[in-house]
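**Q** Following this line is protein-v5.cif, made up of mmCIF, C-alpha atoms:
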```cif
data_upload
loop_
_atom_site.group_PDB
_atom_site.id
_atom_site.type_symbol
_atom_site.label_atom_id
_atom_site.label_comp_id
_atom_site.auth_asym_id
_atom_site.auth_seq_id
_atom_site.Cartn_x
_atom_site.Cartn_y
_atom_site.Cartn_z
ATOM 1 C CA ALA A 1 0.000 0.000 0.000
ATOM 2 C CA ASP A 2 1.070 3.583 -0.620
ATOM 3 C CA TYR A 3 1.466 5.688 2.511
ATOM 4 C CA GLU A 4 1.561 9.432 2.908
ATOM 5 C CA GLY A 5 3.775 8.998 5.972
ATOM 6 C CA ASP A 6 4.811 6.705 8.776
ATOM 7 C CA LEU A 7 2.984 8.141 11.776
ATOM 8 C CA LEU A 8 -0.122 10.281 12.066
ATOM 9 C CA VAL A 9 -0.483 12.034 15.417
ATOM 10 C CA LEU A 10 -3.999 13.170 16.278
ATOM 11 C CA TYR A 11 -4.223 15.163 19.480
ATOM 12 C CA ARG A 12 -7.210 16.738 21.141
ATOM 13 C CA THR A 13 -6.407 20.358 21.983
ATOM 14 C CA SER A 14 -5.778 20.741 25.695
ATOM 15 C CA ASP A 15 -4.164 23.100 28.189
ATOM 16 C CA SER A 16 -2.211 20.205 29.701
ATOM 17 C CA ARG A 17 1.541 20.728 29.439
ATOM 18 C CA LEU A 18 1.986 17.059 30.220
ATOM 19 C CA ALA A 19 0.289 16.159 26.946
ATOM 20 C CA ARG A 20 2.254 18.703 24.904
ATOM 21 C CA ASN A 21 5.597 17.699 26.418
ATOM 22 C CA LEU A 22 4.987 14.051 25.543
ATOM 23 C CA LEU A 23 4.253 14.892 21.909
ATOM 24 C CA GLN A 24 7.310 17.154 21.580
ATOM 25 C CA GLU A 25 9.661 14.564 23.033
ATOM 26 C CA MET A 26 8.176 11.765 20.932
ATOM 27 C CA GLU A 27 8.434 13.829 17.722
ATOM 28 C CA SER A 28 12.072 14.670 18.432
ATOM 29 C CA ARG A 29 13.043 11.049 19.047
ATOM 30 C CA LEU A 30 11.176 9.592 16.080
ATOM 31 C CA LYS A 31 12.316 12.219 13.572
ATOM 32 C CA SER A 32 15.932 11.605 14.616
ATOM 33 C CA ARG A 33 15.374 8.019 13.452
ATOM 34 C CA GLY A 34 14.062 9.104 10.067
ATOM 35 C CA ILE A 35 10.401 8.415 10.821
ATOM 36 C CA SER A 36 7.999 10.812 9.100
ATOM 37 C CA ILE A 37 5.287 12.358 11.317
ATOM 38 C CA LEU A 38 2.211 14.471 10.661
ATOM 39 C CA GLN A 39 0.604 16.124 13.701
ATOM 40 C CA ILE A 40 -3.007 17.315 13.586
ATOM 41 C CA GLY A 41 -4.873 18.935 16.449
ATOM 42 C CA PHE A 42 -8.641 18.661 16.803
ATOM 43 C CA SER A 43 -11.361 19.794 19.179
ATOM 44 C CA THR A 44 -14.139 17.391 18.117
ATOM 45 C CA GLU A 45 -14.219 13.950 16.542
ATOM 46 C CA GLU A 46 -16.200 15.348 13.603
ATOM 47 C CA GLN A 47 -13.450 17.871 12.919
ATOM 48 C CA ALA A 48 -10.762 15.175 12.990
ATOM 49 C CA LEU A 49 -12.695 12.932 10.591
ATOM 50 C CA SER A 50 -13.209 15.852 8.215
ATOM 51 C CA VAL A 51 -9.445 16.397 8.047
ATOM 52 C CA LEU A 52 -8.788 12.683 7.527
ATOM 53 C CA GLN A 53 -10.915 12.725 4.387
ATOM 54 C CA ARG A 54 -8.363 15.083 2.799
ATOM 55 C CA ILE A 55 -5.160 13.190 3.549
ATOM 56 C CA GLY A 56 -3.671 9.842 2.572
ATOM 57 C CA ARG A 57 -3.112 6.647 4.531
ATOM 58 C CA PHE A 58 -0.551 6.219 7.341
ATOM 59 C CA LYS A 59 1.126 3.152 8.802
ATOM 60 C CA ALA A 60 0.139 4.031 12.360
ATOM 61 C CA CYS A 61 -1.697 6.652 14.374
ATOM 62 C CA LEU A 62 -0.959 7.925 17.870
ATOM 63 C CA LEU A 63 -4.240 9.256 19.202
ATOM 64 C CA GLN A 64 -3.926 11.528 22.233
ATOM 65 C CA VAL A 65 -7.322 12.282 23.733
ATOM 66 C CA ASN A 66 -6.082 13.435 27.149
ATOM 67 C CA PHE A 67 -8.787 11.819 29.288
ATOM 68 C CA GLU A 68 -11.693 12.898 27.078
ATOM 69 C CA VAL A 69 -14.484 10.591 25.918
ATOM 70 C CA LEU A 70 -13.589 8.518 22.868
ATOM 71 C CA SER A 71 -16.284 6.835 20.792
ATOM 72 C CA ILE A 72 -16.002 3.399 19.180
ATOM 73 C CA ALA A 73 -17.476 4.870 15.985
ATOM 74 C CA PHE A 74 -14.585 7.327 15.791
ATOM 75 C CA LEU A 75 -12.025 4.540 16.259
ATOM 76 C CA ALA A 76 -13.682 2.511 13.510
ATOM 77 C CA ALA A 77 -13.584 5.467 11.108
ATOM 78 C CA LEU A 78 -9.965 6.198 12.008
ATOM 79 C CA HIS A 79 -8.941 2.606 11.378
ATOM 80 C CA ARG A 80 -9.908 3.007 7.731
ATOM 81 C CA HIS A 81 -7.062 5.530 7.390
ATOM 82 C CA VAL A 82 -4.300 3.813 9.389
ATOM 83 C CA ASP A 83 -3.020 0.271 9.892
ATOM 84 C CA SER A 84 -2.498 0.517 13.650
ATOM 85 C CA ILE A 85 -3.756 2.776 16.443
ATOM 86 C CA VAL A 86 -2.042 3.608 19.726
ATOM 87 C CA ILE A 87 -3.949 5.645 22.298
ATOM 88 C CA ASP A 88 -2.492 7.957 24.921
ATOM 89 C CA GLY A 89 -4.806 9.229 27.630
ATOM 90 C CA VAL A 90 -7.542 6.633 27.859
ATOM 91 C CA SER A 91 -8.008 3.030 28.926
ATOM 92 C CA ALA A 92 -8.987 0.830 25.984
ATOM 93 C CA THR A 93 -8.680 -2.938 25.694
ATOM 94 C CA GLY A 94 -10.126 -5.620 23.495
ATOM 95 C CA ILE A 95 -10.934 -3.368 20.538
ATOM 96 C CA ASP A 96 -7.785 -3.871 18.447
ATOM 97 C CA VAL A 97 -5.934 -0.823 19.783
ATOM 98 C CA ASP A 98 -2.957 -0.449 22.070
ATOM 99 C CA SER A 99 -3.114 2.047 24.918
ATOM 100 C CA VAL A 100 -0.261 3.780 26.689
ATOM 101 C CA GLY A 101 0.155 6.006 29.696
ATOM 102 C CA THR A 102 -2.800 4.582 31.594
ATOM 103 C CA ASN A 103 -1.463 2.884 34.729
ATOM 104 C CA TRP A 104 -0.202 5.077 37.561
ATOM 105 C CA ARG A 105 -1.124 2.735 40.401
ATOM 106 C CA GLU A 106 2.255 1.012 40.441
ATOM 107 C CA ALA A 107 4.134 4.328 40.455
ATOM 108 C CA VAL A 108 2.061 5.520 43.423
ATOM 109 C CA SER A 109 2.724 2.241 45.214
ATOM 110 C CA VAL A 110 6.494 2.442 44.655
ATOM 111 C CA ALA A 111 6.619 6.054 45.860
ATOM 112 C CA PHE A 112 4.555 5.186 48.921
ATOM 113 C CA ARG A 113 6.902 2.304 49.842
ATOM 114 C CA ILE A 114 9.975 4.517 49.444
ATOM 115 C CA LEU A 115 8.530 7.075 51.847
ATOM 116 C CA ARG A 116 7.509 4.401 54.358
ATOM 117 C CA ASP A 117 11.034 2.960 54.226
ATOM 118 C CA LYS A 118 12.324 6.454 55.055
ATOM 119 C CA GLY A 119 10.196 6.437 58.191
ATOM 120 C CA HIS A 120 7.265 8.585 57.046
ATOM 121 C CA GLU A 121 3.918 7.721 58.595
ATOM 122 C CA ARG A 122 1.918 10.777 57.533
ATOM 123 C CA ILE A 123 1.807 10.835 53.740
ATOM 124 C CA ALA A 124 -0.227 12.948 51.305
ATOM 125 C CA PHE A 125 -1.002 12.384 47.625
ATOM 126 C CA LEU A 126 -1.567 15.402 45.371
ATOM 127 C CA THR A 127 -3.272 14.550 42.100
ATOM 128 C CA SER A 128 -5.988 15.523 39.644
ATOM 129 C CA ALA A 129 -9.647 15.288 40.611
ATOM 130 C CA HIS A 130 -10.528 14.213 37.043
ATOM 131 C CA PRO A 131 -12.877 11.180 36.959
ATOM 132 C CA ALA A 132 -10.894 9.307 34.285
ATOM 133 C CA ARG A 133 -10.515 5.682 35.346
ATOM 134 C CA GLN A 134 -6.702 5.625 35.432
ATOM 135 C CA ILE A 135 -6.576 8.731 37.636
ATOM 136 C CA ALA A 136 -9.353 7.452 39.880
ATOM 137 C CA MET A 137 -7.574 4.126 40.294
ATOM 138 C CA ALA A 138 -4.350 5.889 41.344
ATOM 139 C CA ARG A 139 -6.330 7.780 43.989
ATOM 140 C CA ARG A 140 -7.892 4.503 45.115
ATOM 141 C CA GLU A 141 -4.468 2.847 45.288
ATOM 142 C CA PHE A 142 -3.232 5.587 47.605
ATOM 143 C CA GLN A 143 -6.256 5.217 49.851
ATOM 144 C CA LEU A 144 -5.740 1.460 50.082
ATOM 145 C CA LEU A 145 -2.026 1.851 50.833
ATOM 146 C CA SER A 146 -2.838 4.366 53.545
ATOM 147 C CA GLN A 147 -4.751 1.686 55.431
ATOM 148 C CA ALA A 148 -1.357 0.161 56.313
ATOM 149 C CA LEU A 149 -0.221 3.313 58.122
ATOM 150 C CA PRO A 150 -0.046 3.167 61.944
ATOM 151 C CA GLU A 151 -2.890 5.697 61.975
ATOM 152 C CA PRO A 152 -4.908 5.073 58.778
ATOM 153 C CA SER A 153 -6.774 8.349 59.195
ATOM 154 C CA LYS A 154 -3.457 10.219 58.995
ATOM 155 C CA SER A 155 -3.289 10.324 55.214
ATOM 156 C CA TRP A 156 -4.330 13.137 52.917
ATOM 157 C CA LEU A 157 -5.684 13.039 49.372
ATOM 158 C CA VAL A 158 -5.176 16.484 47.809
ATOM 159 C CA GLU A 159 -7.249 16.782 44.624
ATOM 160 C CA ILE A 160 -6.714 19.577 42.081
ATOM 161 C CA ASP A 161 -9.702 20.375 39.865
ATOM 162 C CA ARG A 162 -7.643 20.517 36.676
ATOM 163 C CA LEU A 163 -6.228 18.093 34.141
ATOM 164 C CA PRO A 164 -2.795 16.632 34.946
ATOM 165 C CA GLY A 165 -0.143 18.910 33.526
ATOM 166 C CA SER A 166 -2.250 22.074 33.760
ATOM 167 C CA TYR A 167 -1.890 22.827 37.466
ATOM 168 C CA GLN A 168 -0.957 26.415 38.243
ATOM 169 C CA ILE A 169 1.177 27.541 41.187
ATOM 170 C CA ALA A 170 -1.880 29.196 42.731
ATOM 171 C CA ASP A 171 -3.875 25.940 42.495
ATOM 172 C CA LEU A 172 -1.275 24.022 44.459
ATOM 173 C CA ALA A 173 -0.623 26.760 46.992
ATOM 174 C CA SER A 174 -4.338 27.192 47.701
ATOM 175 C CA ALA A 175 -4.982 23.455 48.122
ATOM 176 C CA LEU A 176 -2.007 22.960 50.443
ATOM 177 C CA GLU A 177 -2.554 26.165 52.420
ATOM 178 C CA ALA A 178 -6.037 24.941 53.338
ATOM 179 C CA LEU A 179 -4.474 21.940 55.097
ATOM 180 C CA LYS A 180 -2.085 23.846 57.353
ATOM 181 C CA GLY A 181 -2.690 23.696 61.082
ATOM 182 C CA LYS A 182 -2.806 26.537 63.597
ATOM 183 C CA ASP A 183 0.962 26.266 63.983
ATOM 184 C CA GLY A 184 1.401 27.022 60.274
ATOM 185 C CA ALA A 185 2.714 23.556 59.471
ATOM 186 C CA LEU A 186 1.318 20.956 57.136
ATOM 187 C CA PRO A 187 -0.130 17.896 58.916
ATOM 188 C CA PHE A 188 1.956 15.460 56.837
ATOM 189 C CA THR A 189 5.696 14.940 56.484
ATOM 190 C CA ALA A 190 5.789 13.578 52.930
ATOM 191 C CA LEU A 191 4.008 14.307 49.661
ATOM 192 C CA ILE A 192 3.594 12.273 46.480
ATOM 193 C CA ALA A 193 2.641 14.535 43.554
ATOM 194 C CA TRP A 194 1.327 13.449 40.157
ATOM 195 C CA GLY A 195 0.504 15.737 37.246
ATOM 196 C CA VAL A 196 3.064 18.442 38.089
ATOM 197 C CA VAL A 197 5.090 18.784 34.895
ATOM 198 C CA GLU A 198 7.959 20.884 36.244
ATOM 199 C CA GLY A 199 9.243 20.693 39.795
ATOM 200 C CA PHE A 200 9.642 24.447 40.173
ATOM 201 C CA ILE A 201 5.836 24.826 40.061
ATOM 202 C CA LEU A 202 5.444 22.777 43.224
ATOM 203 C CA GLU A 203 8.560 24.321 44.760
ATOM 204 C CA ARG A 204 7.141 27.822 44.241
ATOM 205 C CA ALA A 205 3.755 26.783 45.656
ATOM 206 C CA LEU A 206 5.408 25.371 48.782
ATOM 207 C CA SER A 207 7.500 28.505 49.148
ATOM 208 C CA GLU A 208 4.385 30.667 48.992
ATOM 209 C CA ILE A 209 2.906 28.836 51.986
ATOM 210 C CA GLY A 210 6.143 28.903 53.943
ATOM 211 C CA GLN A 211 7.264 25.302 53.362
ATOM 212 C CA GLU A 212 10.666 24.225 52.106
ATOM 213 C CA GLU A 213 10.972 21.118 49.990
ATOM 214 C CA GLY A 214 13.471 18.673 51.473
ATOM 215 C CA LYS A 215 13.425 20.401 54.850
ATOM 216 C CA ASP A 216 9.824 20.799 55.976
ATOM 217 C CA LEU A 217 8.492 18.214 53.562
ATOM 218 C CA SER A 218 9.828 15.210 51.658
ATOM 219 C CA VAL A 219 8.507 15.173 48.088
ATOM 220 C CA ILE A 220 8.345 12.586 45.307
ATOM 221 C CA LEU A 221 7.225 13.783 41.863
ATOM 222 C CA LEU A 222 5.767 11.129 39.561
#
```
If you convert what's in this file into structure tokens, what do you get?

**A**
Amino acid sequence: ADYEGDLLVLYRTSDSRLARNLLQEMESRLKSRGISILQIGFSTEEQALSVLQRIGRFKACLLQVNFEVLSIAFLAALHRHVDSIVIDGVSATGIDVDSVGTNWREAVSVAFRILRDKGHERIAFLTSAHPARQIAMARREFQLLSQALPEPSKSWLVEIDRLPGSYQIADLASALEALKGKDGALPFTALIAWGVVEGFILERALSEIGQEEGKDLSVILL
């Protein structure tokens, strides 16, 4: 078959820096290996399908939906234009597609064990409040792990009402400030954070509420 290129990248427009960073890094690595890539952004499935009607066939498609709803009808239509589909940002199994970037439970578990081994018994988990299954399961994993703490009630789930990768300094500072006690200290000694793209964002947020990373609080960024 004749192909217009090797890889078609379809990405739903999003304010998540996590999503954009992944695409930029992937494009850099693949192009350095001589793989041809066409990136197309879309806001609706109808818009994406309209664009597909005007281009040729590709060997594979990376579809980044960033935790948005994805219809089976759209996947079926897309498969007529590409040989293989890989999805980033959604859980999908059993429908002839591969999915990536969907399991954060193990990472949370590893981080939790590292902190416990360091002697921490009051641990918080800062993450997105998005209802996507993979995010919800990471939150659930943390809650289950917390049951093994000496005082199970001494764990804190800090949920940010934004997509992973789009947290602002003010979002983090506000959420953490609300947890400080009368003495001005946070009630936990360690924090696992997921969805913070660059460490300085969390560092600045902690600074704004009078906490120093590595001194007042041990931090693991996932």

**Q** Residues within 10 Å of A:Ser43, please, as a PyMOL selection string. Count only C-alpha atoms; anything in the same chain fewer than 6 positions from it doesn't count.

**A** chain A and resi 11-14+65

**Q** Ranking A:Ile55, A:Leu172, A:Ala190, A:Ile123 by minimum distance to A:Glu151 and counting only C-alpha atoms, which one comes first?

**A**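 Closest to A:Glu151 of all the choices is A:Ile123.
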
**Q** Taking (1.3, 16.5, 35.2) as a centre in this file's frame and 9 Å as the limit, can you find every polymer residue with an atom that close, using all atoms listed in the file, and give them as a VMD selection string?

**A** chain A and resid 16 to 19 127 to 128 163 to 167 193 to 198 222

**Q** Would you mind telling me which residue in A:Leu78, A:Ile40, A:Ala132, A:Met137 lies nearest to A:Trp104 when using all atoms listed in the file?

**A**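 Smallest distance to A:Trp104 is found for A:Met137.
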
**Q** Ranking A:Cys61, A:Gly199, A:Asn21, A:Leu149 by minimum distance to A:Ile85 and counting all atoms listed in the file, which one comes first?

**A**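 Of the candidates, the smallest distance to A:Ile85 is held by A:Cys61.
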
**Q** Please measure the separation of atom CA of A:Val219 and atom CA of A:Ile192, giving the value in Å to one decimal.

**A**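 Between atom CA of A:Val219 and atom CA of A:Ile192 the gap works out to 5.9 Å.
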
**Q** Could you give me, as number ranges by chain, the residues within 6 Å of A:Ala60, counting all atoms listed in the file and dropping anything in the same chain fewer than 6 positions from it?

**A** A: 7, 82-85

**Q** Report as a PyMOL selection string the full result of the PyMOL selection byres ((chain A and resi 120-122) around 12) when it is applied to this structure.

**A** chain A and resi 111-119+123-125+145-157+186-192+217-219

**Q** Please measure the separation of atom CA of A:Phe42 and atom CA of A:Ile169, giving the value in Å to one decimal.

**A**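 Atom-to-atom, atom CA of A:Phe42 and atom CA of A:Ile169 are spaced 27.7 Å apart.
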
**Q** So the first atom is atom CA of A:Ala170 and the second is atom CA of A:Glu213; what is the distance between them in Å, to one decimal place?

**A**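 A separation of 16.8 Å between them.
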
**Q** With all atoms listed in the file as the basis for distance, which of A:Leu126, A:Leu38, A:Val86, A:Glu106 is at the shortest distance from A:Arg162?

**A**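 Ranked by minimum distance to A:Arg162, first place goes to A:Leu126.
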
**Q** Applying the PyMOL selection byres ((chain A and resi 136) around 12) to the file I just gave you, which residues come out? Please list them as a list in words.

**A**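 Selected by the PyMOL selection byres ((chain A and resi 136) around 12) in this file: Phe67, Ser91, Thr102, Asn103, Trp104, Arg105, Thr127, Ser128, Ala129, His130, Pro131, Ala132, Arg133, Gln134, Ile135, Met137, Ala138, Arg139, Arg140, Glu141, Phe142, Gln143, Leu157 and Glu159 of chain A.
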